[in-house]
Amino acid sequence: MHFRDNSKREKFFVTYAETATKWRRLAISLDYRNAPEGSLEEDTLDDIHFYNTVTNLRLVTTPEDGQLHVHVREDVNEIVEYPSLSLLQHVRVPLYRESDVEFVSHLSGFVYEVNVDGDHLIKKEIPGPDTIDEFLYEVNALDALFDSENVIKLRGLVTDEIGTVVKGLLISYATHGALVDVIFADQGTPALPWHRREKWAKQIVQGLSDIHEAGFVQGDFTLSNVVIDGDDNAQIIDINRRGCPVGWEPPELHRLIRSGQRISMCIGVKTDLFQLGMVLWALAQQIDDPDLQERPLARLPNFVPPYFRDIVETCLSERPQDRWSARILLDEFPTSPSRPSHNHLSL
């Protein structure tokens, strides 16, 4: 990132679990290009005065004595103005204070595996000051979709200790993890038979239909944002309109991206449907990185049932107008599991 003093430093964001229920946000900046050999020291964090907002630890090694020095200050650029609880009083889930949430492990970014009142859950925090609207969008979407079987369940909101602001949300824990990891681990093995993938595909389309019919957009619909729960059912996560990752953008956005325009205002139902096509294509092909494949994606082989090929081709249409709604696509699935027309699909 760029610093105001134009220094060539790197910045890392860290959550420090001082205890299992007391977490601190740290931003660590350092320039290690010319670090003297053997300058790093082992020391304790006990002597550092932490701020209640975000603590910046700037690591500098002085050339005179070769010692590592830690400069501590409040990182005002990363302070999150957490939304008032009054904005989410309509949400029908329990409230938990931060001290009620016990850290288990870090998953990614500001997402953690936690224990709350004996339940194994996932905690998602607000990543930074510019993502508050995305967080509120996700909470409202999950609340509206609470009855959907194929959208992850909102299990609670995390407040500060006095219960005035919301600092995170709690969702169900999906035992088998993200679909991208399932495909990566099991591709080409008997663990991914066609009937299992077909079931997931229909559940994914059902979940996206529920999202759209409720008036929301997923906005970042990739293999990483579909998870498989303990009952082997697919559920959609991360409904926050964050945008298209590189390689997942539909063709109508390419010219905007090439011209340097921001595409956040263009994210909508039709971009979701194109990404749905990529997800289903990857599921049929047992490929965990469709975003790295040559565009346009290759036509699915003949051993994939014709109805499934038609769904994928419709979603991947060049023209957004030709992409059918998820609600219509649901009707294309057979009422009972289809039989593969070739042994490849049993793998």
# chains A, B, ... in the order shown; residues from 1 in each chain; ligands from 1
>>> closest_atom_pairs(of="region 130-233 of chain A", to="region 238-251 of chain A", cutoff="12 Å", atoms="only C-alpha atoms", output="tab-separated table")
residue	atom	partner	partner_atom	distance
A:Asp130	CA	A:Arg242	CA	11.4
A:Thr131	CA	A:Arg242	CA	8.9
A:Ile132	CA	A:Asn240	CA	10.3
A:Asp133	CA	A:Asn240	CA	8.6
A:Glu134	CA	A:Asn240	CA	5.1
A:Phe135	CA	A:Asn240	CA	6.7
A:Leu136	CA	A:Asn240	CA	8.3
A:Tyr137	CA	A:Asn240	CA	5.8
A:Glu138	CA	A:Asn240	CA	4.9
A:Val139	CA	A:Ile239	CA	8.6
A:Asn140	CA	A:Ile239	CA	9.5
A:Ala141	CA	A:Ile239	CA	6.9
A:Leu142	CA	A:Ile239	CA	7.7
A:Asp143	CA	A:Ile239	CA	11.2
A:Ala144	CA	A:Ile239	CA	11.5
A:Leu145	CA	A:Ile239	CA	10.5
A:Val151	CA	A:Ile239	CA	9.2
A:Ile152	CA	A:Asp238	CA	8.8
A:Lys153	CA	A:Asp238	CA	11.2
A:Leu154	CA	A:Asp238	CA	11.2
A:Leu169	CA	A:Asp238	CA	11.4
A:Ile171	CA	A:Asp238	CA	10.3
A:Ala178	CA	A:Asp238	CA	11.7
A:Gly207	CA	A:Ile239	CA	11.1
A:Leu208	CA	A:Ile239	CA	10.0
A:Asp210	CA	A:Ile239	CA	11.8
A:Ile211	CA	A:Ile239	CA	8.5
A:His212	CA	A:Ile239	CA	10.8
A:Gly215	CA	A:Ile239	CA	11.7
A:Phe216	CA	A:Ile239	CA	8.0
A:Val217	CA	A:Arg241	CA	6.3
A:Gln218	CA	A:Ile239	CA	4.4
A:Gly219	CA	A:Arg241	CA	3.8
A:Asp220	CA	A:Gly243	CA	5.2
A:Phe221	CA	A:Cys244	CA	7.8
A:Thr222	CA	A:Trp248	CA	7.5
A:Leu223	CA	A:Trp248	CA	10.3
A:Ser224	CA	A:Asp238	CA	9.4
A:Asn225	CA	A:Asp238	CA	6.2
A:Val226	CA	A:Asp238	CA	8.8
A:Val227	CA	A:Asp238	CA	10.4
>>> write_last_selection(atoms="C-alpha atoms", output="PDB file, in the first residue's frame")
ATOM      1  CA  ASP A 130     -14.779   1.247   3.847  1.00  0.00           C
ATOM      2  CA  THR A 131     -16.722  -2.034   4.171  1.00  0.00           C
ATOM      3  CA  ILE A 132     -19.466  -1.074   6.628  1.00  0.00           C
ATOM      4  CA  ASP A 133     -22.153  -0.872   3.938  1.00  0.00           C
ATOM      5  CA  GLU A 134     -21.193  -4.336   2.664  1.00  0.00           C
ATOM      6  CA  PHE A 135     -21.465  -5.702   6.203  1.00  0.00           C
ATOM      7  CA  LEU A 136     -24.924  -4.184   6.733  1.00  0.00           C
ATOM      8  CA  TYR A 137     -26.031  -5.516   3.341  1.00  0.00           C
ATOM      9  CA  GLU A 138     -24.932  -9.024   4.303  1.00  0.00           C
ATOM     10  CA  VAL A 139     -26.660  -8.945   7.692  1.00  0.00           C
ATOM     11  CA  ASN A 140     -29.918  -7.734   6.141  1.00  0.00           C
ATOM     12  CA  ALA A 141     -29.694 -10.324   3.364  1.00  0.00           C
ATOM     13  CA  LEU A 142     -29.045 -13.214   5.755  1.00  0.00           C
ATOM     14  CA  ASP A 143     -31.881 -12.053   7.978  1.00  0.00           C
ATOM     15  CA  ALA A 144     -34.291 -11.946   5.016  1.00  0.00           C
ATOM     16  CA  LEU A 145     -33.079 -15.384   3.860  1.00  0.00           C
ATOM     17  CA  VAL A 151     -28.091 -19.985   2.207  1.00  0.00           C
ATOM     18  CA  ILE A 152     -25.886 -20.048   5.304  1.00  0.00           C
ATOM     19  CA  LYS A 153     -27.744 -19.356   8.542  1.00  0.00           C
ATOM     20  CA  LEU A 154     -27.190 -16.138  10.485  1.00  0.00           C
ATOM     21  CA  LEU A 169     -21.766 -11.465  12.729  1.00  0.00           C
ATOM     22  CA  ILE A 171     -22.951 -17.811  10.937  1.00  0.00           C
ATOM     23  CA  ALA A 178     -15.625 -24.389   0.698  1.00  0.00           C
ATOM     24  CA  GLY A 207     -29.889 -20.734  -3.053  1.00  0.00           C
ATOM     25  CA  LEU A 208     -29.170 -18.132  -5.719  1.00  0.00           C
ATOM     26  CA  ASP A 210     -33.771 -17.442  -3.071  1.00  0.00           C
ATOM     27  CA  ILE A 211     -31.272 -14.574  -2.904  1.00  0.00           C
ATOM     28  CA  HIS A 212     -32.555 -12.923  -6.080  1.00  0.00           C
ATOM     29  CA  GLY A 215     -34.279  -8.692  -3.709  1.00  0.00           C
ATOM     30  CA  PHE A 216     -30.563  -9.213  -3.064  1.00  0.00           C
ATOM     31  CA  VAL A 217     -27.456  -9.930  -5.133  1.00  0.00           C
ATOM     32  CA  GLN A 218     -24.657 -12.264  -4.119  1.00  0.00           C
ATOM     33  CA  GLY A 219     -22.091 -10.129  -5.940  1.00  0.00           C
ATOM     34  CA  ASP A 220     -19.037 -12.389  -5.552  1.00  0.00           C
ATOM     35  CA  PHE A 221     -20.346 -15.774  -6.649  1.00  0.00           C
ATOM     36  CA  THR A 222     -17.348 -18.111  -6.827  1.00  0.00           C
ATOM     37  CA  LEU A 223     -16.472 -21.640  -5.720  1.00  0.00           C
ATOM     38  CA  SER A 224     -15.060 -20.126  -2.533  1.00  0.00           C
ATOM     39  CA  ASN A 225     -18.464 -18.742  -1.596  1.00  0.00           C
ATOM     40  CA  VAL A 226     -20.292 -22.053  -1.676  1.00  0.00           C
ATOM     41  CA  VAL A 227     -19.756 -24.315   1.337  1.00  0.00           C
TER      42      VAL A 227
END
>>> residues_around(residues="region 324-329 of chain A", least_positions_apart="3", cutoff="8 Å", atoms="only C-alpha atoms", output="list in words")
Val205, Gln206, Leu208, Ser209, His212, Leu273, Ile311, Thr314, Cys315, Gln321, Glu332 and Phe333 of chain A
>>> closest_residue(among="A:Asp288, A:Asp310, A:Asp117, A:Glu74", to="Val180 (chain A)", atoms="only C-alpha atoms")
A:Asp288
>>> select_by_dssp(residues="region 86-301 of chain A", states="alpha helix (DSSP H)", output="PyMOL selection string")
chain A and resi 132-144+179-186+194-213+254-258+269-285
>>> closest_residue(among="A:Gly156, A:Ile126, A:Arg323, A:Trp194", to="Phe303 (chain A)", atoms="only C-alpha atoms")
A:Trp194
>>> residues_around(residues="Val166 (chain A)", least_positions_apart="5", cutoff="6 Å", atoms="only C-alpha atoms", output="list in words")
Pro83, Leu85, Val158 and Thr159 of chain A
>>> write_last_selection(atoms="N, CA and C atoms", output="compact mmCIF listing (two decimals), in the first residue's frame")
# COMPACT_ATOMS: atom_id res chain seq x y z
N PRO A 83 -21.23 0.20 13.16
CA PRO A 83 -22.63 0.65 13.09
C PRO A 83 -23.36 0.48 14.41
N LEU A 85 -26.16 -0.45 17.02
CA LEU A 85 -27.06 -1.60 17.13
C LEU A 85 -28.48 -1.21 16.71
N VAL A 158 -22.43 -9.82 16.99
CA VAL A 158 -21.45 -9.58 18.05
C VAL A 158 -21.37 -8.08 18.30
N THR A 159 -21.59 -7.69 19.54
CA THR A 159 -21.55 -6.27 19.90
C THR A 159 -20.33 -5.98 20.76
>>> residues_around(residues="Ala20 (chain A)", least_positions_apart="3", cutoff="9 Å", atoms="only C-alpha atoms", output="MDAnalysis selection string")
chainID A and resid 17 23 99 101:104
>>> residues_around(residues="Glu313 (chain A)", least_positions_apart="2", cutoff="12 Å", atoms="only C-alpha atoms", output="PyMOL selection string")
chain A and resi 273-278+280-281+296-300+306-311+315-319+322-324+329
>>> atom_distance(atom1="CA of Phe50 (chain A)", atom2="CA of Leu88 (chain A)")
29.2 Å
>>> select_by_dssp(residues="region 165-321 of chain A", states="strand (DSSP E or B)", output="list in words")
Val165, Val166, Lys167, Gly168, Leu169, Leu170, Ile171, Ser172, Gly177, Ala178, Val226, Val227, Ile228, Ala234, Gln235 and Ile236 of chain A
>>> atom_distance(atom1="CA of Tyr82 (chain A)", atom2="CA of Arg25 (chain A)")
13.8 Å
>>> residues_around(residues="Tyr112 (chain A)", least_positions_apart="5", cutoff="9 Å", atoms="only C-alpha atoms", output="PDB file with all heavy atoms, in the first residue's frame")
ATOM      1  N   PHE A 103     -12.166 -17.665  20.790  1.00  0.00           N
ATOM      2  CA  PHE A 103     -11.358 -17.914  19.587  1.00  0.00           C
ATOM      3  C   PHE A 103     -10.949 -19.378  19.495  1.00  0.00           C
ATOM      4  O   PHE A 103     -10.507 -19.973  20.472  1.00  0.00           O
ATOM      5  CB  PHE A 103     -10.117 -17.024  19.631  1.00  0.00           C
ATOM      6  CG  PHE A 103      -9.142 -17.251  18.514  1.00  0.00           C
ATOM      7  CD1 PHE A 103      -9.283 -16.591  17.303  1.00  0.00           C
ATOM      8  CD2 PHE A 103      -8.078 -18.121  18.664  1.00  0.00           C
ATOM      9  CE1 PHE A 103      -8.379 -16.798  16.271  1.00  0.00           C
ATOM     10  CE2 PHE A 103      -7.167 -18.329  17.651  1.00  0.00           C
ATOM     11  CZ  PHE A 103      -7.317 -17.665  16.447  1.00  0.00           C
ATOM     12  N   VAL A 104     -11.096 -19.959  18.298  1.00  0.00           N
ATOM     13  CA  VAL A 104     -10.627 -21.324  18.035  1.00  0.00           C
ATOM     14  C   VAL A 104      -9.496 -21.305  17.018  1.00  0.00           C
ATOM     15  O   VAL A 104      -8.400 -21.820  17.273  1.00  0.00           O
ATOM     16  CB  VAL A 104     -11.768 -22.237  17.551  1.00  0.00           C
ATOM     17  CG1 VAL A 104     -11.232 -23.623  17.160  1.00  0.00           C
ATOM     18  CG2 VAL A 104     -12.841 -22.372  18.621  1.00  0.00           C
ATOM     19  N   SER A 105      -9.748 -20.699  15.855  1.00  0.00           N
ATOM     20  CA  SER A 105      -8.706 -20.627  14.837  1.00  0.00           C
ATOM     21  C   SER A 105      -9.025 -19.526  13.841  1.00  0.00           C
ATOM     22  O   SER A 105     -10.178 -19.074  13.722  1.00  0.00           O
ATOM     23  CB  SER A 105      -8.561 -21.961  14.097  1.00  0.00           C
ATOM     24  OG  SER A 105      -9.711 -22.225  13.312  1.00  0.00           O
ATOM     25  N   HIS A 106      -7.989 -19.091  13.138  1.00  0.00           N
ATOM     26  CA  HIS A 106      -8.150 -18.086  12.084  1.00  0.00           C
ATOM     27  C   HIS A 106      -8.361 -18.810  10.764  1.00  0.00           C
ATOM     28  O   HIS A 106      -7.660 -19.762  10.442  1.00  0.00           O
ATOM     29  CB  HIS A 106      -6.905 -17.204  12.016  1.00  0.00           C
ATOM     30  CG  HIS A 106      -6.908 -16.261  10.851  1.00  0.00           C
ATOM     31  ND1 HIS A 106      -6.122 -16.459   9.745  1.00  0.00           N
ATOM     32  CD2 HIS A 106      -7.613 -15.121  10.609  1.00  0.00           C
ATOM     33  CE1 HIS A 106      -6.324 -15.484   8.879  1.00  0.00           C
ATOM     34  NE2 HIS A 106      -7.221 -14.664   9.381  1.00  0.00           N
ATOM     35  N   LEU A 107      -9.345 -18.363   9.976  1.00  0.00           N
ATOM     36  CA  LEU A 107      -9.628 -19.002   8.692  1.00  0.00           C
ATOM     37  C   LEU A 107      -9.078 -18.177   7.533  1.00  0.00           C
ATOM     38  O   LEU A 107      -8.275 -18.678   6.748  1.00  0.00           O
ATOM     39  CB  LEU A 107     -11.138 -19.213   8.539  1.00  0.00           C
ATOM     40  CG  LEU A 107     -11.777 -20.159   9.569  1.00  0.00           C
ATOM     41  CD1 LEU A 107     -13.270 -20.285   9.322  1.00  0.00           C
ATOM     42  CD2 LEU A 107     -11.108 -21.527   9.530  1.00  0.00           C
ATOM     43  N   LEU A 121     -19.166 -22.062  15.611  1.00  0.00           N
ATOM     44  CA  LEU A 121     -19.660 -21.103  14.636  1.00  0.00           C
ATOM     45  C   LEU A 121     -18.509 -20.427  13.894  1.00  0.00           C
ATOM     46  O   LEU A 121     -17.337 -20.647  14.200  1.00  0.00           O
ATOM     47  CB  LEU A 121     -20.530 -20.040  15.322  1.00  0.00           C
ATOM     48  CG  LEU A 121     -21.745 -20.539  16.108  1.00  0.00           C
ATOM     49  CD1 LEU A 121     -22.403 -19.371  16.834  1.00  0.00           C
ATOM     50  CD2 LEU A 121     -22.734 -21.241  15.199  1.00  0.00           C
ATOM     51  N   ILE A 122     -18.884 -19.590  12.939  1.00  0.00           N
ATOM     52  CA  ILE A 122     -17.939 -18.743  12.214  1.00  0.00           C
ATOM     53  C   ILE A 122     -18.236 -17.290  12.559  1.00  0.00           C
ATOM     54  O   ILE A 122     -19.390 -16.852  12.517  1.00  0.00           O
ATOM     55  CB  ILE A 122     -18.055 -18.940  10.684  1.00  0.00           C
ATOM     56  CG1 ILE A 122     -17.735 -20.380  10.293  1.00  0.00           C
ATOM     57  CG2 ILE A 122     -17.133 -17.966   9.955  1.00  0.00           C
ATOM     58  CD1 ILE A 122     -16.313 -20.806  10.611  1.00  0.00           C
ATOM     59  N   LYS A 123     -17.194 -16.550  12.918  1.00  0.00           N
ATOM     60  CA  LYS A 123     -17.340 -15.122  13.180  1.00  0.00           C
ATOM     61  C   LYS A 123     -16.723 -14.326  12.036  1.00  0.00           C
ATOM     62  O   LYS A 123     -15.590 -14.584  11.617  1.00  0.00           O
ATOM     63  CB  LYS A 123     -16.638 -14.732  14.486  1.00  0.00           C
ATOM     64  CG  LYS A 123     -16.723 -13.235  14.801  1.00  0.00           C
ATOM     65  CD  LYS A 123     -15.850 -12.856  15.987  1.00  0.00           C
ATOM     66  CE  LYS A 123     -15.919 -11.363  16.271  1.00  0.00           C
ATOM     67  NZ  LYS A 123     -14.961 -10.943  17.318  1.00  0.00           N
ATOM     68  N   LYS A 124     -17.492 -13.372  11.518  1.00  0.00           N
ATOM     69  CA  LYS A 124     -16.995 -12.469  10.485  1.00  0.00           C
ATOM     70  C   LYS A 124     -17.001 -11.055  11.040  1.00  0.00           C
ATOM     71  O   LYS A 124     -18.042 -10.572  11.503  1.00  0.00           O
ATOM     72  CB  LYS A 124     -17.863 -12.529   9.224  1.00  0.00           C
ATOM     73  CG  LYS A 124     -17.802 -13.844   8.479  1.00  0.00           C
ATOM     74  CD  LYS A 124     -18.615 -13.767   7.198  1.00  0.00           C
ATOM     75  CE  LYS A 124     -18.057 -12.733   6.244  1.00  0.00           C
ATOM     76  NZ  LYS A 124     -18.829 -12.683   4.980  1.00  0.00           N
ATOM     77  N   GLU A 125     -15.855 -10.394  10.990  1.00  0.00           N
ATOM     78  CA  GLU A 125     -15.753  -9.018  11.445  1.00  0.00           C
ATOM     79  C   GLU A 125     -15.827  -8.062  10.262  1.00  0.00           C
ATOM     80  O   GLU A 125     -15.689  -8.465   9.095  1.00  0.00           O
ATOM     81  CB  GLU A 125     -14.435  -8.804  12.200  1.00  0.00           C
ATOM     82  CG  GLU A 125     -14.326  -9.597  13.495  1.00  0.00           C
ATOM     83  CD  GLU A 125     -13.032  -9.297  14.234  1.00  0.00           C
ATOM     84  OE1 GLU A 125     -12.127  -8.696  13.614  1.00  0.00           O
ATOM     85  OE2 GLU A 125     -12.925  -9.657  15.409  1.00  0.00           O
TER      86      GLU A 125
END
>>> closest_residue(among="A:Cys266, A:Val114, A:Gln285, A:Glu198", to="Pro301 (chain A)", atoms="only C-alpha atoms")
A:Gln285
>>> atom_distance(atom1="CA of Val76 (chain A)", atom2="CA of Leu26 (chain A)")
11.7 Å
